[in-house]
$ cat structure_7.txt   # compact mmCIF, C-alpha atoms and all ligand atoms
# COMPACT_ATOMS: atom_id res chain seq x y z
CA MET A 1 170.90 -104.31 -17.60
CA PHE A 2 170.49 -106.02 -14.25
CA ASP A 3 170.12 -103.50 -11.44
CA LEU A 4 170.08 -104.89 -7.89
CA LYS A 5 168.54 -101.66 -6.61
CA GLN A 6 165.40 -102.50 -8.59
CA VAL A 7 165.31 -105.96 -7.01
CA VAL A 8 165.90 -105.28 -3.29
CA ARG A 9 162.89 -103.90 -1.41
CA PRO A 10 163.10 -100.13 -0.76
CA ASN A 11 162.84 -100.59 3.04
CA ILE A 12 165.95 -102.81 2.94
CA LEU A 13 167.88 -100.45 0.63
CA SER A 14 167.54 -97.73 3.24
CA LEU A 15 168.14 -99.97 6.28
CA GLU A 16 170.85 -98.86 8.72
CA PRO A 17 172.47 -102.05 10.08
CA TYR A 18 172.52 -102.57 13.87
CA ARG A 19 175.83 -101.47 15.34
CA CYS A 20 177.26 -102.25 18.75
CA ALA A 21 180.17 -100.76 20.69
CA ARG A 22 182.04 -104.04 20.08
CA ASP A 23 182.19 -103.22 16.36
CA ASP A 24 184.69 -100.50 17.31
CA PHE A 25 186.28 -101.78 20.56
CA LYS A 26 186.91 -105.45 21.25
CA THR A 27 189.32 -105.64 24.18
CA GLY A 28 189.64 -104.28 27.72
CA VAL A 29 187.04 -104.12 30.48
CA LEU A 30 183.94 -104.88 28.47
CA LEU A 31 180.90 -103.37 30.21
CA ASP A 32 179.03 -102.29 27.09
CA ALA A 33 176.57 -105.09 26.27
CA ASN A 34 174.84 -105.96 29.58
CA GLU A 35 176.39 -109.41 29.53
CA ASN A 36 177.00 -111.40 32.72
CA THR A 37 180.72 -110.78 33.20
CA TYR A 38 180.98 -113.38 36.00
CA GLY A 39 180.73 -116.13 33.41
CA PRO A 40 178.34 -118.86 32.22
CA ALA A 41 176.06 -120.53 34.79
CA LEU A 42 177.62 -123.95 34.18
CA SER A 43 179.43 -126.33 36.49
CA ASN A 44 182.31 -128.49 35.22
CA ILE A 45 183.04 -126.20 32.33
CA SER A 46 185.67 -127.65 30.00
CA GLU A 47 188.77 -125.73 28.90
CA GLU A 48 187.36 -125.54 25.39
CA GLU A 49 184.03 -124.12 26.60
CA LYS A 50 185.94 -121.65 28.76
CA SER A 51 187.88 -120.43 25.73
CA LEU A 52 184.62 -119.75 23.90
CA GLU A 53 183.60 -117.09 26.47
CA LEU A 54 179.99 -118.15 26.28
CA ASN A 55 178.89 -115.30 28.55
CA ARG A 56 179.78 -112.92 25.70
CA TYR A 57 177.71 -112.23 22.60
CA PRO A 58 179.16 -114.00 19.56
CA ASP A 59 180.95 -112.22 16.74
CA PRO A 60 178.30 -110.78 14.37
CA HIS A 61 180.65 -110.81 11.35
CA GLN A 62 182.41 -114.22 11.50
CA ILE A 63 185.12 -113.15 9.06
CA ASP A 64 187.53 -115.99 9.99
CA LEU A 65 184.87 -118.62 9.37
CA LYS A 66 183.82 -117.00 6.09
CA GLN A 67 187.47 -116.87 4.98
CA GLN A 68 187.96 -120.56 5.70
CA ILE A 69 184.79 -121.50 3.81
CA ILE A 70 185.80 -119.51 0.73
CA ASN A 71 189.35 -120.86 0.83
CA PHE A 72 187.76 -124.27 0.35
CA ARG A 73 185.42 -123.18 -2.47
CA ASN A 74 188.01 -120.97 -4.24
CA SER A 75 190.46 -123.88 -4.30
CA ARG A 76 188.15 -125.70 -6.73
CA PRO A 77 186.44 -123.19 -9.05
CA ASN A 78 183.46 -124.03 -11.18
CA VAL A 79 184.27 -126.41 -14.00
CA PHE A 80 182.41 -124.47 -16.68
CA LEU A 81 183.99 -121.06 -16.32
CA LYS A 82 187.21 -121.87 -14.58
CA ASP A 83 189.30 -119.84 -17.00
CA VAL A 84 187.14 -116.74 -17.07
CA ILE A 85 186.18 -116.26 -13.43
CA LYS A 86 187.03 -112.63 -12.83
CA ASP A 87 187.05 -112.38 -9.09
CA LYS A 88 187.53 -115.04 -6.48
CA LEU A 89 185.15 -115.18 -3.55
CA THR A 90 185.90 -112.92 -0.58
CA PRO A 91 184.27 -112.94 2.89
CA GLN A 92 182.18 -109.99 1.65
CA ASN A 93 180.36 -112.37 -0.71
CA LEU A 94 178.94 -114.36 2.21
CA CYS A 95 176.11 -114.14 4.69
CA LEU A 96 175.83 -116.88 7.34
CA GLY A 97 172.51 -118.06 8.70
CA VAL A 98 170.85 -120.50 11.06
CA GLY A 99 170.79 -123.26 8.44
CA SER A 100 169.70 -122.72 4.83
CA ASP A 101 166.20 -122.34 6.19
CA GLU A 102 167.15 -118.92 7.58
CA SER A 103 168.82 -118.02 4.27
CA ILE A 104 165.61 -118.88 2.38
CA ASP A 105 163.53 -116.69 4.69
CA LEU A 106 166.04 -113.83 4.63
CA LEU A 107 166.09 -113.71 0.83
CA LEU A 108 162.30 -113.63 0.69
CA ARG A 109 162.16 -110.73 3.14
CA CYS A 110 164.94 -108.90 1.29
CA ILE A 111 163.45 -109.21 -2.18
CA CYS A 112 159.71 -109.95 -2.23
CA LYS A 113 157.01 -107.46 -1.31
CA PRO A 114 154.29 -109.39 0.58
CA SER A 115 151.07 -109.94 -1.40
CA VAL A 116 152.68 -108.37 -4.52
CA ASP A 117 155.74 -110.36 -5.54
CA LYS A 118 156.08 -114.04 -6.46
CA MET A 119 158.62 -116.80 -6.21
CA LEU A 120 159.13 -119.47 -8.87
CA ILE A 121 159.95 -123.05 -7.87
CA CYS A 122 160.52 -126.18 -9.97
CA PRO A 123 158.73 -129.16 -8.40
CA PRO A 124 159.36 -131.79 -7.26
CA THR A 125 161.49 -129.81 -4.83
CA TYR A 126 162.29 -128.98 -1.21
CA GLY A 127 159.16 -128.16 0.81
CA MET A 128 160.50 -125.22 2.82
CA TYR A 129 160.51 -122.84 -0.17
CA SER A 130 156.69 -122.89 -0.30
CA ILE A 131 156.33 -122.73 3.48
CA CYS A 132 158.63 -119.71 3.79
CA ALA A 133 156.93 -118.02 0.84
CA THR A 134 153.49 -118.57 2.37
CA VAL A 135 154.63 -117.23 5.76
CA ASN A 136 155.87 -114.13 3.95
CA ASP A 137 152.65 -113.83 1.91
CA VAL A 138 154.52 -114.39 -1.35
CA GLU A 139 152.72 -116.32 -4.07
CA ILE A 140 154.39 -119.44 -5.45
CA VAL A 141 154.56 -120.05 -9.20
CA LYS A 142 155.44 -123.57 -10.34
CA VAL A 143 157.35 -124.66 -13.44
CA PRO A 144 157.88 -128.43 -12.99
CA LEU A 145 161.19 -130.06 -13.77
CA LEU A 146 161.21 -131.95 -17.06
CA TYR A 147 160.40 -135.64 -16.72
CA PRO A 148 162.15 -138.07 -16.66
CA SER A 149 165.38 -136.02 -16.78
CA PHE A 150 164.45 -133.86 -13.74
CA GLN A 151 166.30 -130.97 -15.41
CA ILE A 152 164.96 -127.41 -15.61
CA ASP A 153 162.54 -126.36 -18.35
CA ILE A 154 164.36 -123.21 -19.47
CA PRO A 155 161.87 -121.94 -22.11
CA SER A 156 158.93 -122.32 -19.68
CA ILE A 157 160.81 -120.59 -16.86
CA LEU A 158 161.80 -117.69 -19.13
CA LYS A 159 158.22 -117.36 -20.35
CA THR A 160 156.92 -117.25 -16.77
CA LEU A 161 159.29 -114.52 -15.56
CA ASP A 162 157.49 -111.20 -15.23
CA GLU A 163 157.91 -108.06 -13.16
CA ASN A 164 156.38 -109.66 -10.07
CA VAL A 165 158.36 -112.90 -10.11
CA LYS A 166 161.42 -111.85 -8.13
CA LEU A 167 163.05 -115.13 -7.08
CA VAL A 168 163.63 -118.38 -8.97
CA TYR A 169 164.67 -121.39 -6.89
CA LEU A 170 166.72 -124.19 -8.43
CA THR A 171 167.80 -127.09 -6.25
CA SER A 172 171.01 -128.68 -7.46
CA PRO A 173 171.32 -131.51 -6.73
CA GLY A 174 167.57 -131.67 -6.34
CA ASN A 175 165.56 -132.92 -3.40
CA PRO A 176 163.91 -135.40 -3.82
CA THR A 177 165.35 -135.92 -7.33
CA GLY A 178 169.01 -136.35 -6.33
CA LYS A 179 170.00 -134.88 -9.71
CA LEU A 180 172.47 -132.12 -10.38
CA ILE A 181 171.00 -129.38 -12.58
CA GLN A 182 173.40 -129.09 -15.50
CA VAL A 183 175.71 -126.14 -14.97
CA LYS A 184 175.29 -125.06 -18.60
CA ASP A 185 171.52 -124.79 -18.02
CA VAL A 186 171.99 -122.65 -14.91
CA ILE A 187 174.27 -120.35 -16.89
CA THR A 188 171.84 -120.17 -19.82
CA LEU A 189 169.09 -119.15 -17.41
CA LEU A 190 171.28 -116.55 -15.70
CA GLU A 191 172.25 -115.01 -19.04
CA SER A 192 168.90 -115.30 -20.84
CA SER A 193 166.94 -113.82 -17.95
CA ILE A 194 169.22 -110.77 -17.96
CA SER A 195 168.93 -110.53 -21.77
CA GLN A 196 165.16 -110.30 -21.48
CA ASN A 197 165.68 -107.56 -18.88
CA TRP A 198 164.22 -109.54 -15.98
CA GLN A 199 164.99 -107.93 -12.64
CA GLY A 200 165.16 -110.81 -10.17
CA LEU A 201 167.46 -113.41 -8.66
CA ILE A 202 168.21 -117.02 -9.56
CA VAL A 203 168.86 -118.90 -6.32
CA VAL A 204 170.67 -122.24 -6.58
CA ASP A 205 170.30 -124.34 -3.44
CA GLU A 206 173.40 -126.56 -3.28
CA ALA A 207 172.64 -128.32 0.03
CA TYR A 208 173.87 -131.65 -1.46
CA ILE A 209 176.59 -130.37 -3.82
CA ASP A 210 179.51 -132.13 -2.13
CA PHE A 211 178.00 -135.53 -2.96
CA THR A 212 178.54 -134.82 -6.69
CA GLU A 213 182.16 -134.01 -6.23
CA ASP A 214 185.35 -135.70 -7.17
CA PHE A 215 187.54 -134.12 -4.55
CA THR A 216 190.71 -135.09 -6.41
CA SER A 217 189.66 -132.82 -9.28
CA THR A 218 190.82 -129.20 -9.42
CA THR A 219 187.38 -128.01 -10.51
CA SER A 220 183.90 -128.28 -9.09
CA GLU A 221 180.27 -128.44 -10.25
CA SER A 222 179.34 -125.87 -7.61
CA VAL A 223 178.27 -122.50 -9.02
CA SER A 224 179.14 -120.75 -5.74
CA THR A 225 182.39 -119.43 -7.28
CA LEU A 226 180.41 -117.62 -10.01
CA VAL A 227 178.62 -115.03 -7.88
CA ASN A 228 181.07 -112.27 -8.81
CA GLN A 229 180.48 -113.14 -12.46
CA TYR A 230 176.67 -113.09 -12.32
CA PRO A 231 175.05 -110.35 -10.18
CA ASN A 232 171.69 -112.16 -10.43
CA LEU A 233 173.05 -115.41 -8.94
CA VAL A 234 172.66 -116.48 -5.30
CA VAL A 235 173.91 -119.84 -4.01
CA LEU A 236 172.89 -121.55 -0.78
CA GLN A 237 174.95 -124.20 0.97
CA THR A 238 174.77 -125.80 4.39
CA LEU A 239 176.91 -127.78 6.82
CA SER A 240 173.88 -130.03 7.53
CA LYS A 241 174.59 -132.67 4.88
CA SER A 242 178.14 -133.55 3.70
CA PHE A 243 179.69 -132.07 6.85
CA GLY A 244 177.33 -134.05 9.10
CA LEU A 245 176.47 -131.01 11.21
CA ALA A 246 172.71 -130.57 10.97
CA GLY A 247 172.69 -129.99 14.73
CA ILE A 248 174.76 -126.81 14.70
CA ARG A 249 172.54 -125.01 12.14
CA LEU A 250 174.90 -123.28 9.75
CA GLY A 251 173.82 -122.12 6.31
CA ILE A 252 175.90 -120.12 3.85
CA THR A 253 174.58 -117.64 1.27
CA TYR A 254 176.94 -116.66 -1.56
CA SER A 255 176.04 -113.59 -3.63
CA SER A 256 177.44 -110.39 -5.10
CA THR A 257 179.05 -108.26 -2.41
CA GLU A 258 176.29 -105.69 -2.92
CA LEU A 259 173.51 -108.14 -2.11
CA ALA A 260 175.54 -109.74 0.70
CA TYR A 261 175.78 -106.28 2.27
CA TYR A 262 171.98 -106.00 2.43
CA LEU A 263 171.55 -109.56 3.71
CA ASN A 264 174.10 -108.96 6.46
CA ALA A 265 172.41 -105.69 7.36
CA MET A 266 169.08 -107.50 7.74
CA LYS A 267 170.09 -110.58 9.71
CA TYR A 268 169.88 -110.72 13.49
CA PRO A 269 173.34 -109.59 14.60
CA TYR A 270 174.11 -112.60 16.79
CA ASN A 271 172.48 -115.35 14.71
CA ILE A 272 175.59 -117.59 14.65
CA SER A 273 176.33 -118.85 18.17
CA SER A 274 179.89 -119.20 19.48
CA LEU A 275 179.36 -122.96 19.76
CA THR A 276 178.26 -123.14 16.13
CA SER A 277 181.15 -121.09 14.77
CA ASN A 278 183.67 -123.04 16.85
CA VAL A 279 182.48 -126.36 15.43
CA ALA A 280 182.15 -124.92 11.91
CA MET A 281 185.76 -123.65 12.04
CA ARG A 282 186.97 -127.13 12.95
CA ALA A 283 184.86 -128.80 10.25
CA THR A 284 185.92 -126.53 7.39
CA ASN A 285 189.61 -126.64 8.30
CA ILE A 286 191.69 -128.12 5.48
CA GLU A 287 193.92 -130.13 7.82
CA SER A 288 191.20 -131.77 9.89
CA GLY A 289 187.51 -131.42 9.07
CA LEU A 290 187.58 -131.37 5.29
CA LYS A 291 189.45 -134.68 5.14
CA ILE A 292 186.77 -136.28 7.30
CA MET A 293 184.04 -134.79 5.13
CA TYR A 294 185.66 -136.23 1.97
CA GLU A 295 185.85 -139.61 3.66
CA TYR A 296 182.17 -139.53 4.67
CA VAL A 297 181.15 -138.49 1.16
CA SER A 298 183.20 -141.27 -0.38
CA ASN A 299 181.70 -143.87 2.02
CA THR A 300 178.20 -142.58 1.27
CA ILE A 301 178.75 -142.92 -2.47
CA LYS A 302 179.97 -146.52 -2.10
CA GLN A 303 177.08 -147.38 0.17
CA ARG A 304 174.60 -145.72 -2.21
CA GLN A 305 175.59 -148.14 -4.96
CA ASN A 306 175.43 -151.05 -2.57
CA VAL A 307 171.90 -150.10 -1.39
CA LEU A 308 170.74 -149.62 -4.96
CA ASP A 309 172.19 -152.94 -6.10
CA GLN A 310 170.47 -154.78 -3.25
CA LEU A 311 167.15 -152.96 -3.70
CA GLN A 312 167.04 -153.86 -7.40
CA THR A 313 166.99 -157.54 -6.48
CA ILE A 314 163.83 -157.14 -4.36
CA LYS A 315 160.53 -158.01 -6.02
CA GLY A 316 158.21 -155.00 -5.85
CA ILE A 317 160.97 -152.40 -6.04
CA GLY A 318 161.20 -150.59 -9.38
CA ARG A 319 163.62 -148.04 -10.80
CA ASN A 320 165.66 -145.42 -9.06
CA ILE A 321 163.89 -142.48 -10.71
CA GLY A 322 166.27 -139.93 -9.22
CA GLY A 323 169.93 -139.29 -9.91
CA LEU A 324 173.12 -140.32 -8.19
CA ASP A 325 174.33 -136.90 -7.15
CA SER A 326 173.22 -136.90 -3.55
CA ASN A 327 173.13 -138.83 -0.26
CA PHE A 328 169.75 -140.39 -1.00
CA ILE A 329 167.94 -142.30 -3.70
CA LEU A 330 164.37 -142.09 -4.97
CA VAL A 331 163.00 -145.54 -5.72
CA GLU A 332 159.65 -146.67 -7.06
CA VAL A 333 157.51 -149.17 -5.17
CA LEU A 334 155.41 -151.33 -7.52
CA ASP A 335 152.02 -152.98 -7.26
CA LYS A 336 151.36 -156.58 -8.30
CA GLN A 337 151.00 -155.50 -11.92
CA GLY A 338 154.49 -153.96 -11.81
CA GLN A 339 153.19 -150.36 -11.87
CA PRO A 340 154.46 -147.64 -9.45
CA SER A 341 151.88 -147.41 -6.69
CA ASN A 342 151.35 -144.79 -4.00
CA GLU A 343 149.09 -147.19 -2.12
CA VAL A 344 151.78 -149.86 -1.80
CA ALA A 345 154.53 -147.28 -1.18
CA GLN A 346 152.56 -145.72 1.65
CA LYS A 347 151.83 -149.11 3.20
CA LEU A 348 155.51 -150.00 3.00
CA TYR A 349 156.51 -146.65 4.48
CA ASN A 350 154.11 -147.13 7.43
CA GLU A 351 155.03 -150.74 8.02
CA LEU A 352 158.75 -149.93 8.01
CA ALA A 353 158.33 -147.07 10.48
CA VAL A 354 155.67 -148.42 12.83
CA ALA A 355 156.56 -152.10 13.11
CA ASN A 356 160.29 -151.96 12.34
CA GLU A 357 161.51 -148.51 13.39
CA VAL A 358 163.09 -147.86 10.00
CA VAL A 359 162.07 -144.41 8.82
CA VAL A 360 162.30 -143.36 5.18
CA ARG A 361 160.31 -140.67 3.36
CA PHE A 362 157.19 -141.18 1.21
CA ARG A 363 157.41 -138.79 -1.75
CA GLY A 364 154.70 -140.27 -3.98
CA LYS A 365 152.50 -137.17 -3.83
CA GLU A 366 155.19 -135.03 -5.49
CA VAL A 367 154.83 -134.33 -9.20
CA ASN A 368 156.18 -137.22 -11.34
CA CYS A 369 157.10 -139.25 -8.25
CA GLU A 370 154.25 -141.81 -8.21
CA GLY A 371 155.06 -144.64 -5.81
CA ALA A 372 158.38 -143.11 -4.74
CA LEU A 373 160.22 -143.52 -1.46
CA ARG A 374 163.21 -141.30 -0.74
CA ILE A 375 165.81 -143.28 1.15
CA THR A 376 168.78 -141.60 2.83
CA ILE A 377 172.00 -143.58 2.60
CA GLY A 378 173.09 -144.57 6.09
CA THR A 379 176.02 -146.49 7.52
CA ALA A 380 176.66 -150.05 6.27
CA ASP A 381 174.84 -151.50 9.32
CA GLU A 382 171.86 -149.18 8.96
CA ASN A 383 171.60 -149.94 5.25
CA GLN A 384 171.61 -153.67 5.90
CA ILE A 385 168.78 -153.29 8.42
CA LEU A 386 166.86 -151.21 5.88
CA ILE A 387 167.29 -153.82 3.14
CA ASP A 388 166.33 -156.76 5.39
CA LYS A 389 163.26 -155.03 6.84
CA LEU A 390 162.14 -153.66 3.51
CA LYS A 391 162.35 -157.13 1.95
CA GLN A 392 160.27 -158.63 4.80
CA CYS A 393 157.65 -155.86 4.72
CA LEU A 394 157.17 -156.00 0.95
CA ALA A 395 156.84 -159.78 1.00
CA GLU A 396 154.17 -159.41 3.72
CA ILE A 397 152.30 -156.66 1.82
CA ASN A 398 152.37 -158.60 -1.47
CA LYS A 399 151.25 -161.92 0.07
C1 LIG B 401 167.45 -128.77 -0.78
C2 LIG B 401 167.57 -128.47 0.67
N1 LIG B 401 167.91 -127.24 1.06
C3 LIG B 401 168.04 -126.93 2.35
C4 LIG B 401 167.82 -127.87 3.34
C5 LIG B 401 167.92 -127.48 4.78
O1 LIG B 401 169.18 -127.14 5.14
P1 LIG B 401 169.50 -126.60 6.60
O2 LIG B 401 169.61 -127.78 7.50
O3 LIG B 401 170.79 -125.89 6.40
O4 LIG B 401 168.40 -125.65 7.02
C6 LIG B 401 167.46 -129.17 3.00
C7 LIG B 401 167.20 -130.16 4.03
O5 LIG B 401 166.76 -131.25 3.87
C8 LIG B 401 167.33 -129.46 1.63
O6 LIG B 401 166.97 -130.69 1.22

$ encode --input "structure_7.txt" --output "structure tokens"
Amino acid sequence: MFDLKQVVRPNILSLEPYRCARDDFKTGVLLDANENTYGPALSNISEEEKSLELNRYPDPHQIDLKQQIINFRNSRPNVFLKDVIKDKLTPQNLCLGVGSDESIDLLLRCICKPSVDKMLICPPTYGMYSICATVNDVEIVKVPLLYPSFQIDIPSILKTLDENVKLVYLTSPGNPTGKLIQVKDVITLLESSISQNWQGLIVVDEAYIDFTEDFTSTTSESVSTLVNQYPNLVVLQTLSKSFGLAGIRLGITYSSTELAYYLNAMKYPYNISSLTSNVAMRATNIESGLKIMYEYVSNTIKQRQNVLDQLQTIKGIGRNIGGLDSNFILVEVLDKQGQPSNEVAQKLYNELAVANEVVVRFRGKEVNCEGALRITIGTADENQILIDKLKQCLAEINK
């Protein structure tokens, strides 16, 4: 039986969350928080900024924003278990953070005892998991994704789980792989790990999930709607990608209400600024923001095909070794013998950035990514510049 109390660190289980007078009293003459009640030190303040009352601390709970986010996710439940989902998401399933990066750090501090516990990752994957784990003195254990499918190796993961591995990170769709991890595999792992009495959490980072979606469908590939079904499941999402709001820093953690309680108790009370929540409310609103997000996703998907088609015609560019579930592709750069080559890929990367101001990402040092460049899909104009410059640079390198 899974028991969250065996998973959360004892110091967090006994933590009393910070409380302020505003938790109990919100209106009237507010002289409780040592704010500057004259107002913000800004000239030419707009009506909108005025309405945000920026001289006041932001709302620590953000229930309205959480409600709007879950309205969106609940409207399209997970495709696999759509008929058996017991409980829809509620705001009590969520914890908001300063980007997913804060969520990653918060989970580590909630679950892993420094220099004792471990975190399992499946490379090639997002670099911040290892950095956050190292900062928290948590050892990383690696079980690479299968190649060339870039799907999870379930038997190897299950074999590696022991009493000190407390977190397993899956990235779906993956970075830099751009491949959705099959939902049935995530569910197998959730169920099998509980069957072997493993006491830990499976975290699915869905930073790019909206790029896999058919928004006309009534179901979704996202596993965020399954957190009330699986107490060992945690899902991370962010407004940095499909919503085009990397600058506001908003990450969303979905989990059982019990775990969300501990995460909310741990977080800094005012981590979500009033500016951030104002913009996030507009972006996740069904009438306005969501329609724009769908449009951006649909444009990105069309452009992704266009970029791929054009790249495939360029001599020296090989396969797209990643998937088509994200807003980037992972293409091989070849040497003169037609083999993927880190040397040529790195030259191309440098030449593009230094001489042409076109910046992509060299990923050739990642496991099973020899010679790979990760290319974000831009606007039609940006993509055309990329293609033209890349063609020129490769011709120059291969002369
Ligand atoms: C898989 C993955 N997770 C999380 C993030 C970071 O998200 P945020 O901007 O919300 O911190 C990224 C950013 O590239 C990412 O690729």

$ atom_distance --input "structure_7.txt" --atom1 "atom CA of Phe215 of chain A" --atom2 "atom CA of Thr379 of chain A"
20.8 Å

$ residues_near_ligand --input "structure_7.txt" --ligand "ligand LIG 401 (chain B)" --cutoff "8 Å" --atoms "all atoms listed in the file" --output "PyMOL selection string"
chain A and resi 98-102+125-126+128+171-176+205-208+236-241+246+249-251

$ closest_residue --input "structure_7.txt" --among "A:Arg9, A:Arg19, A:Arg56, A:Lys50" --to "Ile111 of chain A" --atoms "all atoms listed in the file"
A:Arg9

$ atom_distance --input "structure_7.txt" --atom1 "atom CA of Gln303 of chain A" --atom2 "atom CA of Gln151 of chain A"
25.1 Å

$ residues_near_point --input "structure_7.txt" --point "(164.4, -142.3, 1.2)" --cutoff "10 Å" --atoms "all atoms listed in the file" --output "list in words"
Pro176, Asn327, Phe328, Ile329, Leu330, Val331, Tyr349, Val359, Val360, Arg361, Phe362, Arg363, Ala372, Leu373, Arg374, Ile375, Thr376 and Ile377 of chain A

$ atom_distance --input "structure_7.txt" --atom1 "atom CA of Lys88 of chain A" --atom2 "atom CA of Ile63 of chain A"
15.8 Å

$ residues_near_point --input "structure_7.txt" --point "(170.8, -156.2, -2.7)" --cutoff "12 Å" --atoms "only C-alpha atoms" --output "PyMOL selection string"
chain A and resi 303-315+317+383-388+390-391

$ residues_around --input "structure_7.txt" --residues "segment 272-279 of chain A" --least-positions-apart "3" --cutoff "10 Å" --atoms "all atoms listed in the file" --output "ChimeraX atom specification"
/A:48-49,52-62,64-66,96-99,245,247-251,268-269,282-284,289

$ closest_residue --input "structure_7.txt" --among "A:Phe80, A:Phe211, A:Tyr129, A:Trp198" --to "Leu158 of chain A" --atoms "all atoms listed in the file"
A:Trp198

$ closest_residue --input "structure_7.txt" --among "A:Val138, A:Leu4, A:Val333, A:Val116" --to "Asn232 of chain A" --atoms "all atoms listed in the file"
A:Leu4

$ residues_around --input "structure_7.txt" --residues "Ile181 of chain A" --least-positions-apart "5" --cutoff "12 Å" --atoms "only C-alpha atoms" --output "number ranges by chain"
A: 122, 145-146, 149-154, 169-175, 186-189, 204-206, 208-209, 212, 221-223, 323-326

$ axis_aligned_box --input "structure_7.txt" --around "segment 33-43 of chain A" --padding-each-side "4 Å" --output "JSON"
{"center_x": 177.9, "center_y": -115.7, "center_z": 31.4, "size_x": 14.1, "size_y": 29.2, "size_z": 18.2}

$ residues_around --input "structure_7.txt" --residues "Arg73 of chain A" --least-positions-apart "2" --cutoff "12 Å" --atoms "all atoms listed in the file" --output "ChimeraX atom specification"
/A:66-71,75-78,88-91,94,209-210,213,215,218-227,237,252,254,284,286,290

$ residues_around --input "structure_7.txt" --residues "Glu139 of chain A" --least-positions-apart "5" --cutoff "12 Å" --atoms "all atoms listed in the file" --output "short mmCIF file (atom, residue, chain, number, x, y, z; two decimals) with C-alpha atoms, in the coordinates of the input"
data_model
loop_
_atom_site.label_atom_id
_atom_site.label_comp_id
_atom_site.auth_asym_id
_atom_site.auth_seq_id
_atom_site.Cartn_x
_atom_site.Cartn_y
_atom_site.Cartn_z
CA LEU A 108 162.30 -113.63 0.69
CA CYS A 112 159.71 -109.95 -2.23
CA LYS A 113 157.01 -107.46 -1.31
CA PRO A 114 154.29 -109.39 0.58
CA SER A 115 151.07 -109.94 -1.40
CA VAL A 116 152.68 -108.37 -4.52
CA ASP A 117 155.74 -110.36 -5.54
CA LYS A 118 156.08 -114.04 -6.46
CA MET A 119 158.62 -116.80 -6.21
CA LEU A 120 159.13 -119.47 -8.87
CA ILE A 121 159.95 -123.05 -7.87
CA TYR A 129 160.51 -122.84 -0.17
CA SER A 130 156.69 -122.89 -0.30
CA ILE A 131 156.33 -122.73 3.48
CA CYS A 132 158.63 -119.71 3.79
CA ALA A 133 156.93 -118.02 0.84
CA THR A 134 153.49 -118.57 2.37
CA ASN A 164 156.38 -109.66 -10.07
CA VAL A 165 158.36 -112.90 -10.11
CA LYS A 166 161.42 -111.85 -8.13
CA LEU A 167 163.05 -115.13 -7.08
#

$ closest_residue --input "structure_7.txt" --among "A:Leu348, A:Leu81, A:Met293, A:Leu201" --to "Ser242 of chain A" --atoms "all atoms listed in the file"
A:Met293

$ closest_residue --input "structure_7.txt" --among "A:Leu263, A:Val29, A:Met281, A:Ala21" --to "Asp105 of chain A" --atoms "all atoms listed in the file"
A:Leu263

$ decode --input "structure_7.txt" --residues "segment 338-346 of chain A" --atoms "N, CA, C and O atoms" --output "PDB file, in the first residue's frame"
ATOM      1  N   GLY A 338      28.316  10.699 -44.245  1.00  0.00           N
ATOM      2  CA  GLY A 338      26.888  10.505 -43.990  1.00  0.00           C
ATOM      3  C   GLY A 338      26.591   9.989 -42.588  1.00  0.00           C
ATOM      4  O   GLY A 338      25.485   9.529 -42.322  1.00  0.00           O
ATOM      5  N   GLN A 339      27.609  10.064 -41.688  1.00  0.00           N
ATOM      6  CA  GLN A 339      27.393   9.609 -40.302  1.00  0.00           C
ATOM      7  C   GLN A 339      27.116  10.801 -39.377  1.00  0.00           C
ATOM      8  O   GLN A 339      27.731  11.870 -39.560  1.00  0.00           O
ATOM      9  N   PRO A 340      26.228  10.656 -38.372  1.00  0.00           N
ATOM     10  CA  PRO A 340      25.994  11.751 -37.420  1.00  0.00           C
ATOM     11  C   PRO A 340      27.307  12.156 -36.744  1.00  0.00           C
ATOM     12  O   PRO A 340      28.077  11.288 -36.326  1.00  0.00           O
ATOM     13  N   SER A 341      27.570  13.441 -36.678  1.00  0.00           N
ATOM     14  CA  SER A 341      28.877  13.890 -36.209  1.00  0.00           C
ATOM     15  C   SER A 341      28.760  15.066 -35.235  1.00  0.00           C
ATOM     16  O   SER A 341      28.248  16.131 -35.599  1.00  0.00           O
ATOM     17  N   ASN A 342      29.269  14.865 -34.034  1.00  0.00           N
ATOM     18  CA  ASN A 342      29.290  15.964 -33.063  1.00  0.00           C
ATOM     19  C   ASN A 342      30.205  17.087 -33.523  1.00  0.00           C
ATOM     20  O   ASN A 342      29.929  18.260 -33.286  1.00  0.00           O
ATOM     21  N   GLU A 343      31.294  16.711 -34.195  1.00  0.00           N
ATOM     22  CA  GLU A 343      32.258  17.732 -34.623  1.00  0.00           C
ATOM     23  C   GLU A 343      31.584  18.702 -35.612  1.00  0.00           C
ATOM     24  O   GLU A 343      31.655  19.922 -35.454  1.00  0.00           O
ATOM     25  N   VAL A 344      30.896  18.140 -36.598  1.00  0.00           N
ATOM     26  CA  VAL A 344      30.252  18.998 -37.602  1.00  0.00           C
ATOM     27  C   VAL A 344      29.077  19.755 -36.966  1.00  0.00           C
ATOM     28  O   VAL A 344      28.871  20.946 -37.223  1.00  0.00           O
ATOM     29  N   ALA A 345      28.334  19.060 -36.097  1.00  0.00           N
ATOM     30  CA  ALA A 345      27.167  19.708 -35.462  1.00  0.00           C
ATOM     31  C   ALA A 345      27.614  20.900 -34.627  1.00  0.00           C
ATOM     32  O   ALA A 345      26.982  21.961 -34.643  1.00  0.00           O
ATOM     33  N   GLN A 346      28.730  20.733 -33.923  1.00  0.00           N
ATOM     34  CA  GLN A 346      29.202  21.821 -33.062  1.00  0.00           C
ATOM     35  C   GLN A 346      29.709  23.004 -33.896  1.00  0.00           C
ATOM     36  O   GLN A 346      29.461  24.160 -33.561  1.00  0.00           O
TER      37      GLN A 346
END
